[in-house]
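**Q** Pasting a structure here, questions to come.
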Amino acid sequence: MLTEHSVAEAARTAGLTAPARYVEVTGSTNTDLLQAARGGAPAWTVLVAGRQTEGRGRLGRTWTSPAGSSLHVSVLLRPDLPGRQAPLLSLAAAVAMAEACETAHVDVRCKWPNDLRCRDRKLGGVLSEASVQGGRLGHVVVGTGVNLTQTTEDFPPELRGSAISVAMAGGDPDGSSLLTTYLSRLKDWAAAPSGPELLTVFRSRCETLGRTVRAATPYGDVEGVAVDITDAGELVVTNANGTYLVGYGEIVHIT
């Protein structure tokens with residue numbers, strides 16, 4: 001079970017010295033940490049919540065879960081990177097959590113850009129929110145949520161066929177252990193997100209590559225084959241009309 005003590009111990013074991021807090025309930029750990037970032041909180045500040053009442057996913061979606069059933073963690077980063085490379089930190093978090101889940105005996109794949117998948121169902125996801133100043137990243141809050149102990153009945157009816165938890169996958173839903181490994185791996189990956197190793201590992205885990213996809217972007221829908229990920233974390237989609245770089249947007253796997 002996650003507690004103030006276990007969160008602090010997880011951060012210490014991962015080699016972090018910035019504040020690491022646990023709250024029973026909050027609106028959104030990302031929102032809280034973004035406010036702390038604007039107030040000067042140091043890099044690698046960690047906030048974990050037992051329950052979120054206004055948890056956010058990508059594209060304005062909500063993220064809900066029963067109290068104590070999921071890991072909700074946000075981490076404040078202050079990387080020295082160009083603003084266009086902000087998506088790499090989401091990929092770093094996805095790889096770090098996938099590796100943490102493996103220590104809990106759960107095999108996780110990644111759907112570009114930020115879904116954590118197990119047995120063709122959604123196990124969790126990543127939401128990164130950044131500030132850019134003069135073309136460089138100011139601060140980035142990386143929020144990650146993973147379903148831990150839910151049964152099928154704990155999910156809303158509309159999600160019961162598409163969601164899964166660590167427990168449902170036969171893994172060990174120990175949030176403290178998962179958090180410790182996640183923070184340790186995130187620390188390693190975030191140290192050099194623009195290096196070739198991160199993209200190599202993400203590509204090897206990415207179930208989007210090689211598929212025919214439809215990308216709903218602000219510029220309209222693009223349909224084609226996802227063939228690669230650029231050094232800025234963009235998805236490369238090709239079709240008969242050309243090659244497209246998709247920086248963000250909803251991705252649907254067609255095949």
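If you're wondering about the labels, chains in the structure tokens are A, B, ... by order shown, residues count from 1 in each chain, ligands from 1 in order shown.
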Please provide as a ChimeraX atom specification all residues within 8 Å of segment 91-102 of chain A, with the sequence filter that same-chain residues fewer than 2 positions apart are discarded (counting only C-alpha atoms).

**A** /A:87-89,104-110,113-116,125-126,142,144,166,178-179,181-183,185-186,189-190,193,198,201-202,233

**Q** Leaving out Gln133 of chain A and any residue of its chain fewer than 6 positions from it, which residues lie within 12 Å of it when counting only C-alpha atoms, given as number ranges by chain?

**A** A: 78, 80-84, 139-140

**Q** Residues within 8 Å of segment 206-216 of chain A, please, as a list in words. Count only C-alpha atoms; anything in the same chain fewer than 6 positions from it doesn't count.

**A** Arg109, Cys110, Lys111, Trp112, Val222, Glu223, Gly224, Val225, Ala226, Val227, Asp228, Val246, Gly249, Glu250, Ile251, Val252, His253, Ile254 and Thr255 of chain A

**Q** For the structure I just gave you, how does DSSP split segment 14-248 of chain A - specifically, which residues are helix (DSSP H, G or I)? Reply as an MDAnalysis selection string.

**A** chainID A and resid 29:38 58:60 83:85 87:103 152:154 157:159 175:190 196:205

**Q** Give me, as a PyMOL selection string, all polymer residues having an atom no more than 7 Å from Asn30 of chain A, counting only C-alpha atoms and skipping those fewer than 3 positions away in the same chain.

**A** chain A and resi 33-34+74+141+143

**Q** Which is closer to Thr152 of chain A than all the others in A:Met168, A:Ala191, A:Leu137, A:Gly124, using only C-alpha atoms?

**A**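 Using only C-alpha atoms, Thr152 of chain A sits closest to A:Met168.
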
**Q** For the structure I just gave you, how does DSSP split segment 29-246 of chain A - specifically, which residues are strand (DSSP E or B)? Reply as an mmCIF file with C-alpha atoms, in the first residue's frame.

**A**
```cif
data_model
loop_
_atom_site.group_PDB
_atom_site.id
_atom_site.type_symbol
_atom_site.label_atom_id
_atom_site.label_comp_id
_atom_site.auth_asym_id
_atom_site.auth_seq_id
_atom_site.Cartn_x
_atom_site.Cartn_y
_atom_site.Cartn_z
ATOM 1 C CA VAL A 46 7.411 13.717 -6.875
ATOM 2 C CA LEU A 47 3.697 13.710 -6.053
ATOM 3 C CA VAL A 48 1.651 10.525 -5.625
ATOM 4 C CA ALA A 49 -2.080 10.348 -4.897
ATOM 5 C CA GLY A 50 -4.231 7.511 -3.649
ATOM 6 C CA ARG A 51 -7.138 8.930 -5.626
ATOM 7 C CA GLN A 52 -7.709 11.671 -8.172
ATOM 8 C CA ARG A 56 -6.693 13.964 -16.874
ATOM 9 C CA THR A 62 -10.736 12.051 -17.688
ATOM 10 C CA SER A 70 -4.155 2.637 -9.103
ATOM 11 C CA LEU A 71 -0.759 4.283 -9.051
ATOM 12 C CA HIS A 72 -1.042 7.995 -9.861
ATOM 13 C CA VAL A 73 2.382 9.660 -9.918
ATOM 14 C CA SER A 74 3.622 12.949 -11.323
ATOM 15 C CA VAL A 75 7.273 13.960 -11.545
ATOM 16 C CA LEU A 76 8.636 17.454 -12.185
ATOM 17 C CA LEU A 77 11.521 17.647 -14.650
ATOM 18 C CA PRO A 82 14.609 22.102 -27.211
ATOM 19 C CA ARG A 109 3.708 -2.883 -24.813
ATOM 20 C CA CYS A 110 3.474 0.788 -25.759
ATOM 21 C CA LYS A 111 0.979 2.370 -28.109
ATOM 22 C CA ASP A 115 -0.610 4.241 -23.758
ATOM 23 C CA LEU A 116 0.613 1.262 -21.738
ATOM 24 C CA ARG A 117 -0.940 -1.927 -23.092
ATOM 25 C CA CYS A 118 -1.188 -5.504 -21.875
ATOM 26 C CA ARG A 121 -6.031 -3.805 -23.290
ATOM 27 C CA LYS A 122 -5.095 -0.514 -21.688
ATOM 28 C CA LEU A 123 -3.137 -0.842 -18.456
ATOM 29 C CA GLY A 124 -2.223 2.806 -18.025
ATOM 30 C CA GLY A 125 -0.951 5.920 -19.694
ATOM 31 C CA VAL A 126 1.300 8.956 -19.598
ATOM 32 C CA LEU A 127 0.399 12.648 -19.741
ATOM 33 C CA SER A 128 3.237 15.177 -20.018
ATOM 34 C CA GLU A 129 2.638 18.916 -19.748
ATOM 35 C CA ALA A 130 5.428 21.365 -20.530
ATOM 36 C CA SER A 131 6.308 25.041 -20.515
ATOM 37 C CA VAL A 132 8.539 26.373 -23.304
ATOM 38 C CA GLN A 133 10.616 29.527 -22.960
ATOM 39 C CA ARG A 136 13.696 25.621 -24.769
ATOM 40 C CA LEU A 137 11.835 23.554 -22.223
ATOM 41 C CA GLY A 138 11.272 25.339 -18.930
ATOM 42 C CA HIS A 139 9.641 22.625 -16.875
ATOM 43 C CA VAL A 140 7.850 19.386 -17.711
ATOM 44 C CA VAL A 141 5.445 17.514 -15.462
ATOM 45 C CA VAL A 142 5.244 13.852 -16.408
ATOM 46 C CA GLY A 143 2.138 12.151 -15.034
ATOM 47 C CA THR A 144 1.746 8.395 -15.177
ATOM 48 C CA GLY A 145 -1.218 6.260 -14.163
ATOM 49 C CA VAL A 146 -1.331 2.473 -13.917
ATOM 50 C CA ASN A 147 -4.233 0.229 -12.924
ATOM 51 C CA ALA A 163 -9.071 -2.053 -19.677
ATOM 52 C CA CYS A 206 5.837 -0.040 -29.697
ATOM 53 C CA THR A 212 -2.041 0.799 -40.634
ATOM 54 C CA VAL A 213 -3.244 3.679 -38.493
ATOM 55 C CA ARG A 214 -5.525 6.663 -38.616
ATOM 56 C CA ALA A 215 -4.147 9.766 -36.960
ATOM 57 C CA ALA A 216 -6.635 12.446 -35.961
ATOM 58 C CA THR A 217 -4.523 15.598 -35.981
ATOM 59 C CA GLY A 220 -7.235 16.576 -40.359
ATOM 60 C CA ASP A 221 -7.157 12.795 -40.420
ATOM 61 C CA VAL A 222 -4.151 11.003 -41.884
ATOM 62 C CA GLU A 223 -4.338 7.297 -42.716
ATOM 63 C CA GLY A 224 -1.328 5.176 -43.598
ATOM 64 C CA VAL A 225 1.336 2.844 -42.253
ATOM 65 C CA ALA A 226 3.272 3.851 -39.131
ATOM 66 C CA VAL A 227 6.871 3.207 -40.153
ATOM 67 C CA ASP A 228 9.112 4.962 -37.628
ATOM 68 C CA ILE A 229 9.535 7.435 -34.778
ATOM 69 C CA LEU A 235 5.297 9.220 -35.482
ATOM 70 C CA VAL A 236 6.158 8.801 -39.167
ATOM 71 C CA VAL A 237 3.133 7.757 -41.247
ATOM 72 C CA THR A 238 3.326 7.010 -44.966
ATOM 73 C CA ASN A 239 0.667 6.533 -47.630
ATOM 74 C CA GLY A 242 3.525 11.045 -49.067
ATOM 75 C CA THR A 243 5.090 10.951 -45.623
ATOM 76 C CA TYR A 244 3.610 12.689 -42.590
ATOM 77 C CA LEU A 245 5.091 13.533 -39.194
ATOM 78 C CA VAL A 246 2.503 13.252 -36.438
#
```

**Q** Between atom CA of Ser90 of chain A and atom CA of Asp188 of chain A, what is the spacing in Å?

**A**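 We find that atom CA of Asp188 of chain A and atom CA of Ser90 of chain A lie 13.7 Å from each other.
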
**Q** Could you check the closest approach to Thr53 of chain A for each of A:Ala20, A:Leu159, A:Val25, A:Ala41 and tell me which residue wins, using only C-alpha atoms?

**A**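 Nearest to Thr53 of chain A: A:Val25.
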